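Structure data follow from data.tsv (TSV, C-alpha atoms):
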chain	number	residue	atom	x	y	z
D	964	MET	CA	115.98	138.80	111.49
D	965	ASN	CA	113.94	139.42	108.38
D	966	SER	CA	116.38	137.19	106.55
D	967	ALA	CA	115.72	134.43	109.08
D	968	CYS	CA	111.99	134.74	108.47
D	969	GLN	CA	112.55	134.70	104.73
D	970	ALA	CA	114.68	131.59	105.14
D	971	LEU	CA	111.83	129.96	107.07
D	972	ASN	CA	109.47	130.86	104.25
D	973	ALA	CA	111.84	129.45	101.68
D	974	ILE	CA	112.49	126.23	103.59
D	975	GLY	CA	108.79	125.69	104.13
D	976	CYS	CA	107.95	126.21	100.50
D	977	LEU	CA	110.86	124.21	99.14
D	978	ALA	CA	110.46	121.28	101.46
D	979	LEU	CA	106.75	120.93	101.10
D	980	PHE	CA	105.92	122.01	97.59
D	981	SER	CA	108.82	120.65	95.60
D	982	GLY	CA	106.78	117.53	94.99
D	983	CYS	CA	109.73	115.36	95.85
D	984	GLN	CA	108.23	111.92	96.16
D	985	ALA	CA	111.77	110.53	95.94
D	986	SER	CA	112.49	106.94	96.78
D	987	TRP	CA	110.82	107.09	100.20
D	988	ALA	CA	107.35	106.56	98.77
D	989	PRO	CA	106.31	102.89	98.88
D	990	ALA	CA	106.11	101.33	95.43
D	991	ALA	CA	102.85	101.84	93.60
D	992	VAL	CA	100.97	98.69	92.62
D	993	ASP	CA	102.24	98.75	89.06
D	994	ALA	CA	102.80	96.01	86.52
D	995	ALA	CA	106.02	94.81	88.16
D	996	VAL	CA	104.44	94.56	91.61
D	997	ILE	CA	101.34	92.85	90.18
D	998	ARG	CA	103.57	90.36	88.36
D	999	ALA	CA	105.55	89.65	91.55
D	1000	GLY	CA	102.32	89.27	93.51
D	1001	ALA	CA	100.79	86.95	90.92
D	1002	ALA	CA	103.69	84.56	91.40
D	1003	HIS	CA	102.41	84.12	94.97
D	1004	ARG	CA	98.73	84.10	93.92
D	1005	SER	CA	98.12	87.57	95.29
D	1006	GLU	CA	95.57	89.51	93.29
D	1007	GLU	CA	95.83	93.18	92.39
D	1008	HIS	CA	93.04	94.34	94.73
D	1009	MET	CA	94.78	92.55	97.60
D	1010	LEU	CA	98.05	94.31	96.82
D	1011	GLN	CA	96.24	97.65	96.62
D	1012	GLU	CA	94.67	97.04	100.01
D	1013	GLY	CA	98.04	96.08	101.42
D	1014	ARG	CA	99.62	99.30	100.20
D	1015	THR	CA	96.77	101.38	101.62
D	1016	LEU	CA	97.23	99.68	104.99
D	1017	PHE	CA	100.99	100.23	104.86
D	1018	VAL	CA	100.73	103.99	104.28
D	1019	SER	CA	97.95	104.49	106.83
D	1020	ARG	CA	97.79	101.94	109.63
D	1021	CYS	CA	101.56	101.42	109.96
D	1022	LEU	CA	102.14	105.17	109.86
D	1023	GLU	CA	100.05	105.67	112.97
D	1024	CYS	CA	102.89	104.35	115.16
D	1025	HIS	CA	106.11	104.87	113.22
D	1026	THR	CA	107.59	106.23	110.02
D	1027	LEU	CA	107.78	103.75	107.17
D	1028	PRO	CA	110.98	101.83	106.46
D	1029	VAL	CA	112.24	101.24	102.95
D	1030	ILE	CA	110.58	97.97	101.97
D	1031	SER	CA	113.77	96.46	100.56
D	1032	LYS	CA	115.44	96.86	103.95
D	1033	TYR	CA	113.98	93.53	105.11
D	1034	SER	CA	113.94	90.16	103.38
D	1035	ALA	CA	110.75	88.65	102.00
D	1036	ASP	CA	110.94	86.04	104.77
D	1037	ALA	CA	111.32	88.68	107.47
D	1038	TRP	CA	108.25	90.74	106.56
D	1039	PRO	CA	105.57	88.26	107.78
D	1040	HIS	CA	107.26	88.05	111.18
D	1041	LEU	CA	107.60	91.82	111.46
D	1042	VAL	CA	103.95	92.34	110.54
D	1043	ASP	CA	102.83	89.63	112.99
D	1044	LYS	CA	104.68	91.33	115.82
D	1045	MET	CA	102.77	94.56	115.25
D	1046	ALA	CA	99.45	93.19	113.96
D	1047	LYS	CA	97.73	93.18	117.34
D	1048	ARG	CA	98.69	96.76	118.16
D	1049	ALA	CA	97.67	97.86	114.67
D	1050	ASP	CA	94.38	95.96	115.09
D	1051	LEU	CA	94.90	94.11	111.80
D	1052	LYS	CA	92.33	91.49	110.89
D	1053	PRO	CA	93.74	88.25	109.35
D	1054	ALA	CA	92.73	89.30	105.82
D	1055	GLU	CA	94.35	92.72	106.33
D	1056	ARG	CA	97.50	91.11	107.67
D	1057	ASN	CA	97.66	88.84	104.61
D	1058	ALA	CA	97.10	91.75	102.22
D	1059	LEU	CA	99.82	93.80	103.92
D	1060	VAL	CA	102.34	90.94	103.80
D	1061	ALA	CA	101.45	90.18	100.17
D	1062	TYR	CA	102.06	93.81	99.17
D	1063	LEU	CA	105.34	94.10	101.11
D	1064	GLN	CA	106.72	90.90	99.62
D	1065	ALA	CA	105.59	91.73	96.09
D	1066	ALA	CA	106.89	95.32	96.29
D	1067	ARG	CA	110.20	94.07	97.63
D	1068	GLU	CA	110.52	91.44	94.94
D	1069	ALA	CA	109.65	93.92	92.21
D	1070	LYS	CA	112.29	96.31	93.55
D	1071	VAL	CA	115.25	94.03	94.31
D	1072	GLY	CA	114.31	90.65	92.85
D	1073	THR	CA	114.23	87.51	94.92
D	1074	SER	CA	117.67	87.93	96.53
D	1075	ARG	CA	117.77	87.76	100.33
D	1076	CYS	CA	118.96	90.75	102.31
D	1077	ALA	CA	120.95	90.74	105.52
D	1078	ILE	CA	117.98	90.90	107.87
D	1079	PRO	CA	116.47	87.44	107.50
D	1080	ALA	CA	114.52	85.36	109.96
D	1081	THR	CA	116.49	82.73	111.91
D	1082	ARG	CA	115.86	79.01	111.40
D	1083	SER	CA	113.13	79.13	114.05
D	1084	GLY	CA	111.48	82.04	112.28
D	1085	HIS	CA	112.49	84.50	114.99
D	1086	ILE	CA	113.95	87.88	114.05
D	1087	PRO	CA	116.31	89.27	116.66
D	1088	VAL	CA	115.03	92.70	117.69
D	1089	GLU	CA	118.50	94.20	117.67
D	1090	GLN	CA	118.80	93.33	113.99
D	1091	HIS	CA	116.24	95.99	113.16
D	1092	LEU	CA	118.51	98.76	114.35
D	1093	LYS	CA	121.30	97.70	112.01
D	1094	PRO	CA	121.67	99.20	108.55
D	1095	LEU	CA	121.03	97.06	105.51
D	1096	THR	CA	123.86	95.18	103.89
D	1097	LEU	CA	123.01	93.03	100.94
D	1098	LYS	CA	124.48	89.56	100.70
D	1099	ALA	CA	126.17	88.54	97.51
J	363	MET	CA	129.14	108.41	130.26
J	364	PRO	CA	128.63	104.58	130.09
J	365	ARG	CA	125.46	105.02	132.17
J	366	CYS	CA	124.24	107.66	129.70
J	367	LEU	CA	124.89	105.29	126.79
J	368	THR	CA	123.10	102.47	128.62
J	369	ILE	CA	120.05	104.67	129.20
J	370	CYS	CA	120.05	105.77	125.54
J	371	ALA	CA	120.29	102.14	124.36
J	372	LEU	CA	117.45	101.15	126.71
J	373	VAL	CA	115.19	103.95	125.47
J	374	LEU	CA	115.99	103.03	121.86
J	375	SER	CA	115.24	99.35	122.37
J	376	LEU	CA	112.12	99.81	124.52
J	377	GLY	CA	109.77	100.73	121.77
J	378	VAL	CA	111.09	98.89	118.76
J	379	PHE	CA	107.75	97.17	118.36
J	380	SER	CA	105.58	98.97	120.86
J	381	ALA	CA	105.43	102.60	119.87
J	382	TYR	CA	102.44	104.63	120.87
J	383	ALA	CA	100.01	105.45	118.07
J	384	ASP	CA	99.21	109.10	117.30
J	385	ALA	CA	102.08	110.48	119.36
J	386	ARG	CA	102.89	114.16	118.92
J	387	ARG	CA	106.42	114.67	117.59
J	388	PHE	CA	106.20	118.46	117.93
J	389	THR	CA	104.69	120.71	120.59
J	390	PHE	CA	104.37	124.12	118.88
J	391	ILE	CA	103.49	122.52	115.55
J	392	TYR	CA	100.73	120.15	114.52
J	393	GLY	CA	101.35	117.14	112.34
J	394	ALA	CA	98.79	116.43	109.63
J	395	ASN	CA	97.91	112.87	110.65
J	396	PRO	CA	94.60	112.66	112.52
J	397	SER	CA	94.03	110.27	115.43
J	398	THR	CA	93.16	106.66	114.77
J	399	PRO	CA	89.38	106.18	114.37
J	400	GLY	CA	87.86	105.11	117.67
J	401	SER	CA	90.83	106.19	119.76
J	402	VAL	CA	90.46	108.33	122.88
J	403	GLU	CA	93.43	110.08	124.34
J	404	LEU	CA	94.22	112.59	127.08
J	405	GLU	CA	96.95	115.11	126.33
J	406	ASN	CA	98.23	117.43	129.04
J	407	GLN	CA	100.14	120.42	127.75
J	408	VAL	CA	102.27	122.66	129.96
J	409	THR	CA	103.98	125.76	128.58
J	410	PHE	CA	106.42	127.89	130.57
J	411	ARG	CA	107.26	131.35	129.26
J	412	THR	CA	109.53	133.97	130.71
J	413	GLY	CA	110.85	137.34	129.54
J	414	THR	CA	111.34	140.93	130.57
J	415	ASN	CA	109.11	143.94	130.28
J	416	GLY	CA	111.13	146.22	132.48
J	417	ASP	CA	110.67	143.60	135.21
J	418	ARG	CA	110.87	139.87	134.70
J	419	PHE	CA	107.58	138.13	134.01
J	420	SER	CA	106.76	134.49	133.76
J	421	GLN	CA	103.70	132.41	133.03
J	422	VAL	CA	102.77	128.74	133.07
J	423	ASP	CA	99.85	127.72	130.81
J	424	VAL	CA	98.18	124.37	131.27
J	425	ARG	CA	95.77	122.67	128.85
J	426	HIS	CA	93.96	119.35	129.29
J	427	GLU	CA	92.81	117.96	125.96
J	428	PHE	CA	90.59	114.96	125.30
J	429	GLU	CA	91.17	113.85	121.72
J	430	PHE	CA	88.80	111.61	119.80
J	431	GLY	CA	89.53	109.85	116.51
J	432	ILE	CA	86.22	109.96	114.65
J	433	THR	CA	86.99	108.78	111.12
J	434	LYS	CA	90.16	108.23	109.10
J	435	GLN	CA	90.02	111.92	108.19
J	436	LEU	CA	88.41	113.61	111.19
J	437	GLN	CA	89.61	114.21	114.72
J	438	LEU	CA	87.75	116.18	117.39
J	439	SER	CA	89.10	117.53	120.67
J	440	LEU	CA	87.81	119.14	123.83
J	441	TYR	CA	90.03	121.34	125.96
J	442	VAL	CA	88.29	120.96	129.30
J	443	ALA	CA	89.76	123.93	131.14
J	444	ASP	CA	92.77	125.99	130.18
J	445	TRP	CA	94.35	127.72	133.15
J	446	ASN	CA	97.56	129.50	133.99
J	447	TYR	CA	99.75	130.84	136.73
J	448	HIS	CA	101.42	134.15	136.03
J	449	SER	CA	103.68	136.61	137.82
J	450	GLY	CA	105.21	139.93	136.88
J	451	LEU	CA	102.63	140.80	134.22
J	452	THR	CA	101.99	144.54	134.04
J	453	ASP	CA	98.20	144.35	133.77
J	454	GLN	CA	97.49	141.52	136.24
J	455	SER	CA	98.48	140.61	139.77
J	456	SER	CA	100.27	137.31	140.27
J	457	GLY	CA	98.11	134.22	140.62
J	458	TYR	CA	96.07	131.53	138.97
J	459	ALA	CA	93.51	132.26	136.27
J	460	TYR	CA	91.01	130.26	134.27
J	461	ALA	CA	91.76	130.94	130.61
J	462	GLY	CA	88.89	129.27	128.80
J	463	THR	CA	87.44	126.11	127.31
J	464	ALA	CA	87.88	125.11	123.68
J	465	VAL	CA	86.80	122.70	120.99
J	466	GLU	CA	88.96	121.73	118.03
J	467	ALA	CA	88.52	119.86	114.76
J	468	ILE	CA	91.18	118.59	112.37
J	469	TYR	CA	90.23	117.28	108.93
J	470	ASN	CA	92.85	115.49	106.87
J	471	LEU	CA	92.84	115.61	103.07
J	472	SER	CA	95.88	113.59	102.00
J	473	ASN	CA	98.62	111.20	103.12
J	474	PRO	CA	102.21	112.25	103.98
J	475	VAL	CA	103.74	109.21	102.30
J	476	ALA	CA	101.46	108.21	99.45
J	477	ASP	CA	100.72	111.77	98.30
J	478	ALA	CA	103.05	114.63	97.42
J	479	VAL	CA	102.17	116.36	100.68
J	480	SER	CA	99.70	115.74	103.48
J	481	VAL	CA	97.26	118.59	104.06
J	482	SER	CA	94.97	119.06	107.04
J	483	ILE	CA	92.73	121.94	108.02
J	484	TYR	CA	92.33	122.91	111.66
J	485	GLU	CA	89.85	125.03	113.53
J	486	GLU	CA	89.74	125.78	117.23
J	487	LEU	CA	87.12	127.88	119.00
J	488	LYS	CA	87.75	129.01	122.55
J	489	GLY	CA	85.47	130.78	124.98
J	490	GLY	CA	86.13	132.10	128.46
J	491	ASP	CA	85.46	134.94	130.83
J	492	GLN	CA	85.19	137.95	128.49
J	493	LEU	CA	87.09	136.02	125.85
J	494	PHE	CA	86.40	134.51	122.45
J	495	GLU	CA	89.14	133.17	120.24
J	496	SER	CA	89.27	131.55	116.83
J	497	GLU	CA	92.37	129.76	115.58
J	498	SER	CA	92.57	128.43	112.02
J	499	LYS	CA	95.46	126.51	110.54
J	500	ILE	CA	96.60	124.86	107.40
J	501	ILE	CA	98.82	121.96	108.32
J	502	LEU	CA	101.25	120.46	105.83
J	503	GLN	CA	103.39	117.41	106.39
J	504	LYS	CA	105.74	115.30	104.35
J	505	ASP	CA	107.55	112.16	105.51
J	506	PHE	CA	110.93	111.45	103.99
J	507	GLY	CA	111.56	108.02	105.48
J	508	PRO	CA	112.46	108.63	109.13
J	509	LEU	CA	112.42	112.43	108.67
J	510	ILE	CA	109.11	114.21	109.20
J	511	VAL	CA	108.76	117.79	107.99
J	512	ALA	CA	105.70	119.73	109.13
J	513	TYR	CA	104.60	123.28	108.39
J	514	ASN	CA	101.71	125.24	109.92
J	515	ALA	CA	100.25	128.55	108.75
J	516	THR	CA	97.98	130.00	111.45
J	517	LEU	CA	95.50	132.84	111.73
J	518	GLU	CA	94.35	133.65	115.25
J	519	ALA	CA	91.69	136.20	116.14
J	520	THR	CA	90.93	137.21	119.72
J	521	TRP	CA	88.09	139.29	121.17
J	522	GLU	CA	88.31	140.07	124.88
J	523	GLY	CA	87.56	142.52	127.64
J	524	SER	CA	84.28	144.21	128.46
J	525	GLY	CA	81.85	143.55	125.63
J	526	LEU	CA	84.65	141.77	123.79
J	527	ARG	CA	85.71	145.16	122.44
J	528	GLU	CA	89.47	144.54	122.55
J	529	ARG	CA	90.63	142.79	119.43
J	530	GLN	CA	93.90	141.23	118.46
J	531	GLY	CA	95.08	139.24	115.49
J	532	GLU	CA	98.06	137.02	115.00
J	533	LEU	CA	99.53	135.48	111.91
J	534	SER	CA	102.12	132.82	112.47
J	535	GLN	CA	104.00	130.18	110.60
J	536	SER	CA	106.02	127.35	112.01
J	537	LEU	CA	108.27	124.68	110.64
J	538	GLY	CA	109.23	121.46	112.38
J	539	LEU	CA	111.71	118.73	111.61
J	540	SER	CA	111.62	115.44	113.48
J	541	TYR	CA	113.95	112.51	112.89
J	542	GLU	CA	112.83	109.10	114.13
J	543	LEU	CA	115.83	107.39	115.70
J	544	SER	CA	113.61	104.46	116.62
J	545	PRO	CA	109.82	104.00	116.85
J	546	SER	CA	110.12	105.13	120.47
J	547	LEU	CA	112.42	108.12	120.11
J	548	SER	CA	112.54	111.19	117.85
J	549	VAL	CA	114.62	114.34	117.95
J	550	GLY	CA	114.20	117.49	115.92
J	551	LEU	CA	113.92	121.23	115.59
J	552	GLU	CA	111.05	123.72	115.68
J	553	LEU	CA	110.94	127.24	114.26
J	554	LEU	CA	108.15	129.65	115.04
J	555	HIS	CA	107.53	133.02	113.39
J	556	GLU	CA	104.76	135.17	114.92
J	557	PHE	CA	103.32	138.36	113.54
J	558	VAL	CA	101.17	139.87	116.29
J	559	LEU	CA	98.66	142.58	115.33
J	560	PRO	CA	97.23	144.44	118.37
J	561	ASP	CA	93.83	145.81	117.31
J	562	TRP	CA	94.65	144.42	113.86
J	563	ALA	CA	96.82	147.52	113.32
J	564	THR	CA	99.74	146.73	111.08
J	565	ASP	CA	101.64	149.83	112.24
J	566	ARG	CA	101.81	148.32	115.75
J	567	ALA	CA	102.71	144.82	114.57
J	568	VAL	CA	105.17	142.80	116.61
J	569	ASN	CA	107.47	140.38	114.87
J	570	ASN	CA	108.83	137.42	116.87
J	571	PHE	CA	111.00	134.54	115.81
J	572	PHE	CA	111.69	131.53	118.01
J	573	VAL	CA	113.85	128.48	117.41
J	574	GLY	CA	114.79	125.43	119.45
J	575	PRO	CA	115.13	121.66	119.69
J	576	ASN	CA	112.54	119.02	120.49
J	577	LEU	CA	112.58	115.50	121.86
J	578	SER	CA	109.78	112.94	121.74
J	579	VAL	CA	109.62	109.63	123.61
J	580	ARG	CA	106.81	107.08	123.25
J	581	HIS	CA	106.09	103.68	124.65
J	582	GLY	CA	103.01	101.54	125.08
J	583	GLN	CA	100.05	103.76	125.93
J	584	TRP	CA	101.91	107.02	126.51
J	585	PHE	CA	104.16	109.60	124.91
J	586	ALA	CA	105.99	112.70	126.08
J	587	THR	CA	107.35	115.49	123.91
J	588	ILE	CA	109.30	118.58	124.94
J	589	THR	CA	110.43	121.64	123.01
J	590	ALA	CA	112.55	124.54	124.25
J	591	LEU	CA	112.35	127.69	122.13
J	592	ALA	CA	114.52	130.78	122.47
J	593	GLN	CA	113.57	134.11	120.97
J	594	ALA	CA	115.92	135.05	118.17
J	595	THR	CA	114.45	138.55	117.92
J	596	GLN	CA	114.85	141.23	120.60
J	597	THR	CA	111.20	142.06	121.24
J	598	LEU	CA	110.63	143.52	124.70
J	599	GLY	CA	107.57	142.18	126.49
J	600	GLU	CA	107.59	138.93	124.55
J	601	PRO	CA	108.95	135.69	126.05
J	602	GLU	CA	112.68	135.16	125.76
J	603	VAL	CA	112.25	131.46	126.38
J	604	GLN	CA	109.30	129.11	125.92
J	605	ILE	CA	109.37	125.50	127.06
J	606	ARG	CA	106.42	123.27	126.21
J	607	THR	CA	105.80	119.67	127.19
J	608	ILE	CA	102.93	117.45	126.10
J	609	PHE	CA	102.24	114.22	127.92
J	610	GLY	CA	99.70	111.97	126.19
J	611	PHE	CA	97.95	108.85	127.38
J	612	ALA	CA	95.66	106.61	125.31
J	613	PHE	CA	92.74	104.84	126.95

For this file, write the structure as structure tokens.
Amino acid sequence: MNSACQALNAIGCLALFSGCQASWAPAAVDAAVIRAGAAHRSEEHMLQEGRTLFVSRCLECHTLPVISKYSADAWPHLVDKMAKRADLKPAERNALVAYLQAAREAKVGTSRCAIPATRSGHIPVEQHLKPLTLKA
Amino acid sequence: MPRCLTICALVLSLGVFSAYADARRFTFIYGANPSTPGSVELENQVTFRTGTNGDRFSQVDVRHEFEFGITKQLQLSLYVADWNYHSGLTDQSSGYAYAGTAVEAIYNLSNPVADAVSVSIYEELKGGDQLFESESKIILQKDFGPLIVAYNATLEATWEGSGLRERQGELSQSLGLSYELSPSLSVGLELLHEFVLPDWATDRAVNNFFVGPNLSVRHGQWFATITALAQATQTLGEPEVQIRTIFGFAF
């Protein structure tokens, strides 16, 4: 059983101190994100605020998805659906959407992914359970 | 089987956009995220333990916790009255007992996504009839997308009996994994390693190791989490099985 305890020690240390930020961490507000945001007239401080909201307020209810999983058009609708529960003020909502769209654009460009909004702007709930497949 | 699949699909779809904030994903382990500022929540915790000490013993511990989100970093809690029902214990007759009242503070230092690791410090002070207890923890957490990994290192000191002369220490560490299948449903694993020191004497130390699965469901204003741990060591007098549920409701 000592070996089991040692394994627990090892797993704990490895998992938590390896410093593996990996690709799960939301993009920092770097030059690419600032450039993508500027194209939509979003300023750097707004993008910073949006990122802070993403890693704090959103995290209160669920783990964070990879930003590129949803299209730039889909993000505003997703945020709007959860804004009330997250108690987002209009300016916070706008900052969050601006960051998500800029971070997505900086990561994958302006191509649309397979989880877009419909013509009416509605996003079918069941779509969010499906894995991402990028369109050509 | 189709009914089972239907129920699973329903549970998965229920909380796609309506997951409960601040839900506990583990029961024997604390996550590092503090409660939302301004939030008030009631968490009822029930733990069933059973084992053998010559004869079979069992105990049910109940805790009622009011949890308050104070700031983005600080959370305070009040355990109104801990009580238990026990049977088969060598030093007590079967029945109900008041176990104490406690206060708890958790202070968060970093974020599990934005930073390399989220760190929180925890302190709980408990007082009761001929009982004083201090429990200190370092809580670590890292989120890897839908996978949450949490680790607790705990030091517990207990003074009890007449004049609080009986002393006991406990060092423990625990590791939890929780995978979010949807915002309303998580499944995972908890591992608990206890090092009990009666009278702080290392020559009488008891080493226990428990492992088992957990399940957490959340929706709207409530959440429920359950963990079943089995003892992987063969320590007589310690529980063979521990099952803990936490039911939380936000006001």

All residues 12 Å or closer to Lys1052 (chain D), all atoms listed in the file, same chain fewer than 5 positions away omitted, as a list in words: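 In the requested format, the answer is Gly1013, Leu1016, Arg1020, Val1042, Asp1043, Met1045, Ala1046, Lys1047, Asn1057, Ala1058 and Leu1059 of chain D.
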
Between CA of Arg529 (chain J) and CA of Asp417 (chain J), distance in Å (one decimal): 25.5 Å

Distance query Ile391 (chain J) at most 10 Å, all atoms listed in the file, self and fewer than 6 positions along chain excluded, as a PyMOL selection string: chain J and resi 501+512-515+535-539+552-554

Distance in Å - CA of Glu542 (chain J) versus CA of Val511 (chain J):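 For CA of Glu542 (chain J) relative to CA of Val511 (chain J), the distance reads 11.4 Å.
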
Pairwise distance for CA of Ser482 (chain J) and CA of Arg1014 (chain D), rounded to one decimal in Å: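 A separation of 21.4 Å between them.
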
Of the listed residues J:Ile483, J:Val475, J:Gly523, J:Asn395, that which approaches Val1029 (chain D) most closely, counting all atoms listed in the file: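 Between J:Ile483, J:Val475, J:Gly523, J:Asn395, the residue approaching Val1029 (chain D) most closely is J:Val475.
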
Please return, as a PDB file with C-alpha atoms, in the coordinates of the input, all residues of chain J lying within 10 Å of chain D when all atoms listed in the file are considered.
ATOM      1  CA  LEU J 374     115.990 103.030 121.860  1.00  0.00           C
ATOM      2  CA  SER J 375     115.240  99.350 122.370  1.00  0.00           C
ATOM      3  CA  VAL J 378     111.090  98.890 118.760  1.00  0.00           C
ATOM      4  CA  PHE J 379     107.750  97.170 118.360  1.00  0.00           C
ATOM      5  CA  SER J 380     105.580  98.970 120.860  1.00  0.00           C
ATOM      6  CA  ALA J 381     105.430 102.600 119.870  1.00  0.00           C
ATOM      7  CA  TYR J 382     102.440 104.630 120.870  1.00  0.00           C
ATOM      8  CA  ALA J 383     100.010 105.450 118.070  1.00  0.00           C
ATOM      9  CA  ASP J 384      99.210 109.100 117.300  1.00  0.00           C
ATOM     10  CA  ALA J 385     102.080 110.480 119.360  1.00  0.00           C
ATOM     11  CA  ASN J 395      97.910 112.870 110.650  1.00  0.00           C
ATOM     12  CA  PRO J 396      94.600 112.660 112.520  1.00  0.00           C
ATOM     13  CA  SER J 397      94.030 110.270 115.430  1.00  0.00           C
ATOM     14  CA  THR J 398      93.160 106.660 114.770  1.00  0.00           C
ATOM     15  CA  LYS J 434      90.160 108.230 109.100  1.00  0.00           C
ATOM     16  CA  ASN J 473      98.620 111.200 103.120  1.00  0.00           C
ATOM     17  CA  PRO J 474     102.210 112.250 103.980  1.00  0.00           C
ATOM     18  CA  VAL J 475     103.740 109.210 102.300  1.00  0.00           C
ATOM     19  CA  ALA J 476     101.460 108.210  99.450  1.00  0.00           C
ATOM     20  CA  ASP J 477     100.720 111.770  98.300  1.00  0.00           C
ATOM     21  CA  ALA J 478     103.050 114.630  97.420  1.00  0.00           C
ATOM     22  CA  VAL J 479     102.170 116.360 100.680  1.00  0.00           C
ATOM     23  CA  SER J 480      99.700 115.740 103.480  1.00  0.00           C
ATOM     24  CA  LEU J 502     101.250 120.460 105.830  1.00  0.00           C
ATOM     25  CA  GLN J 503     103.390 117.410 106.390  1.00  0.00           C
ATOM     26  CA  LYS J 504     105.740 115.300 104.350  1.00  0.00           C
ATOM     27  CA  ASP J 505     107.550 112.160 105.510  1.00  0.00           C
ATOM     28  CA  PHE J 506     110.930 111.450 103.990  1.00  0.00           C
ATOM     29  CA  GLY J 507     111.560 108.020 105.480  1.00  0.00           C
ATOM     30  CA  PRO J 508     112.460 108.630 109.130  1.00  0.00           C
ATOM     31  CA  LEU J 509     112.420 112.430 108.670  1.00  0.00           C
ATOM     32  CA  ILE J 510     109.110 114.210 109.200  1.00  0.00           C
ATOM     33  CA  VAL J 511     108.760 117.790 107.990  1.00  0.00           C
ATOM     34  CA  ALA J 512     105.700 119.730 109.130  1.00  0.00           C
ATOM     35  CA  TYR J 513     104.600 123.280 108.390  1.00  0.00           C
ATOM     36  CA  ASN J 514     101.710 125.240 109.920  1.00  0.00           C
ATOM     37  CA  GLN J 535     104.000 130.180 110.600  1.00  0.00           C
ATOM     38  CA  SER J 536     106.020 127.350 112.010  1.00  0.00           C
ATOM     39  CA  LEU J 537     108.270 124.680 110.640  1.00  0.00           C
ATOM     40  CA  GLY J 538     109.230 121.460 112.380  1.00  0.00           C
ATOM     41  CA  TYR J 541     113.950 112.510 112.890  1.00  0.00           C
ATOM     42  CA  GLU J 542     112.830 109.100 114.130  1.00  0.00           C
ATOM     43  CA  LEU J 543     115.830 107.390 115.700  1.00  0.00           C
ATOM     44  CA  SER J 544     113.610 104.460 116.620  1.00  0.00           C
ATOM     45  CA  PRO J 545     109.820 104.000 116.850  1.00  0.00           C
ATOM     46  CA  SER J 546     110.120 105.130 120.470  1.00  0.00           C
ATOM     47  CA  LEU J 547     112.420 108.120 120.110  1.00  0.00           C
ATOM     48  CA  LEU J 553     110.940 127.240 114.260  1.00  0.00           C
ATOM     49  CA  LEU J 554     108.150 129.650 115.040  1.00  0.00           C
ATOM     50  CA  HIS J 555     107.530 133.020 113.390  1.00  0.00           C
ATOM     51  CA  GLU J 556     104.760 135.170 114.920  1.00  0.00           C
ATOM     52  CA  ASN J 569     107.470 140.380 114.870  1.00  0.00           C
ATOM     53  CA  ASN J 570     108.830 137.420 116.870  1.00  0.00           C
ATOM     54  CA  PHE J 571     111.000 134.540 115.810  1.00  0.00           C
ATOM     55  CA  ARG J 580     106.810 107.080 123.250  1.00  0.00           C
ATOM     56  CA  GLY J 582     103.010 101.540 125.080  1.00  0.00           C
ATOM     57  CA  ALA J 594     115.920 135.050 118.170  1.00  0.00           C
ATOM     58  CA  THR J 595     114.450 138.550 117.920  1.00  0.00           C
ATOM     59  CA  GLN J 596     114.850 141.230 120.600  1.00  0.00           C
TER      60      GLN J 596
END

Selection: 12 Å around Leu436 (chain J), all atoms listed in the file, excl. self and same-chain fewer than 3 positions, as a count of residues only: 25

Ref. answer, residues at most 10 Å from (110.9, 131.1, 128.1) with only C-alpha atoms, as a PyMOL selection string: chain J and resi 409-413+419-422+590-593+600-606

Keeping C-alpha atoms for every residue in the selection just given, could you write it to a file as a JSON list (two decimals), in the coordinates of the input?
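Output saved as selection25.json:
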[["chain", "number", "residue", "atom", "x", "y", "z"],
["J", 409, "THR", "CA", 103.98, 125.76, 128.58],
["J", 410, "PHE", "CA", 106.42, 127.89, 130.57],
["J", 411, "ARG", "CA", 107.26, 131.35, 129.26],
["J", 412, "THR", "CA", 109.53, 133.97, 130.71],
["J", 413, "GLY", "CA", 110.85, 137.34, 129.54],
["J", 419, "PHE", "CA", 107.58, 138.13, 134.01],
["J", 420, "SER", "CA", 106.76, 134.49, 133.76],
["J", 421, "GLN", "CA", 103.70, 132.41, 133.03],
["J", 422, "VAL", "CA", 102.77, 128.74, 133.07],
["J", 590, "ALA", "CA", 112.55, 124.54, 124.25],
["J", 591, "LEU", "CA", 112.35, 127.69, 122.13],
["J", 592, "ALA", "CA", 114.52, 130.78, 122.47],
["J", 593, "GLN", "CA", 113.57, 134.11, 120.97],
["J", 600, "GLU", "CA", 107.59, 138.93, 124.55],
["J", 601, "PRO", "CA", 108.95, 135.69, 126.05],
["J", 602, "GLU", "CA", 112.68, 135.16, 125.76],
["J", 603, "VAL", "CA", 112.25, 131.46, 126.38],
["J", 604, "GLN", "CA", 109.30, 129.11, 125.92],
["J", 605, "ILE", "CA", 109.37, 125.50, 127.06],
["J", 606, "ARG", "CA", 106.42, 123.27, 126.21]]
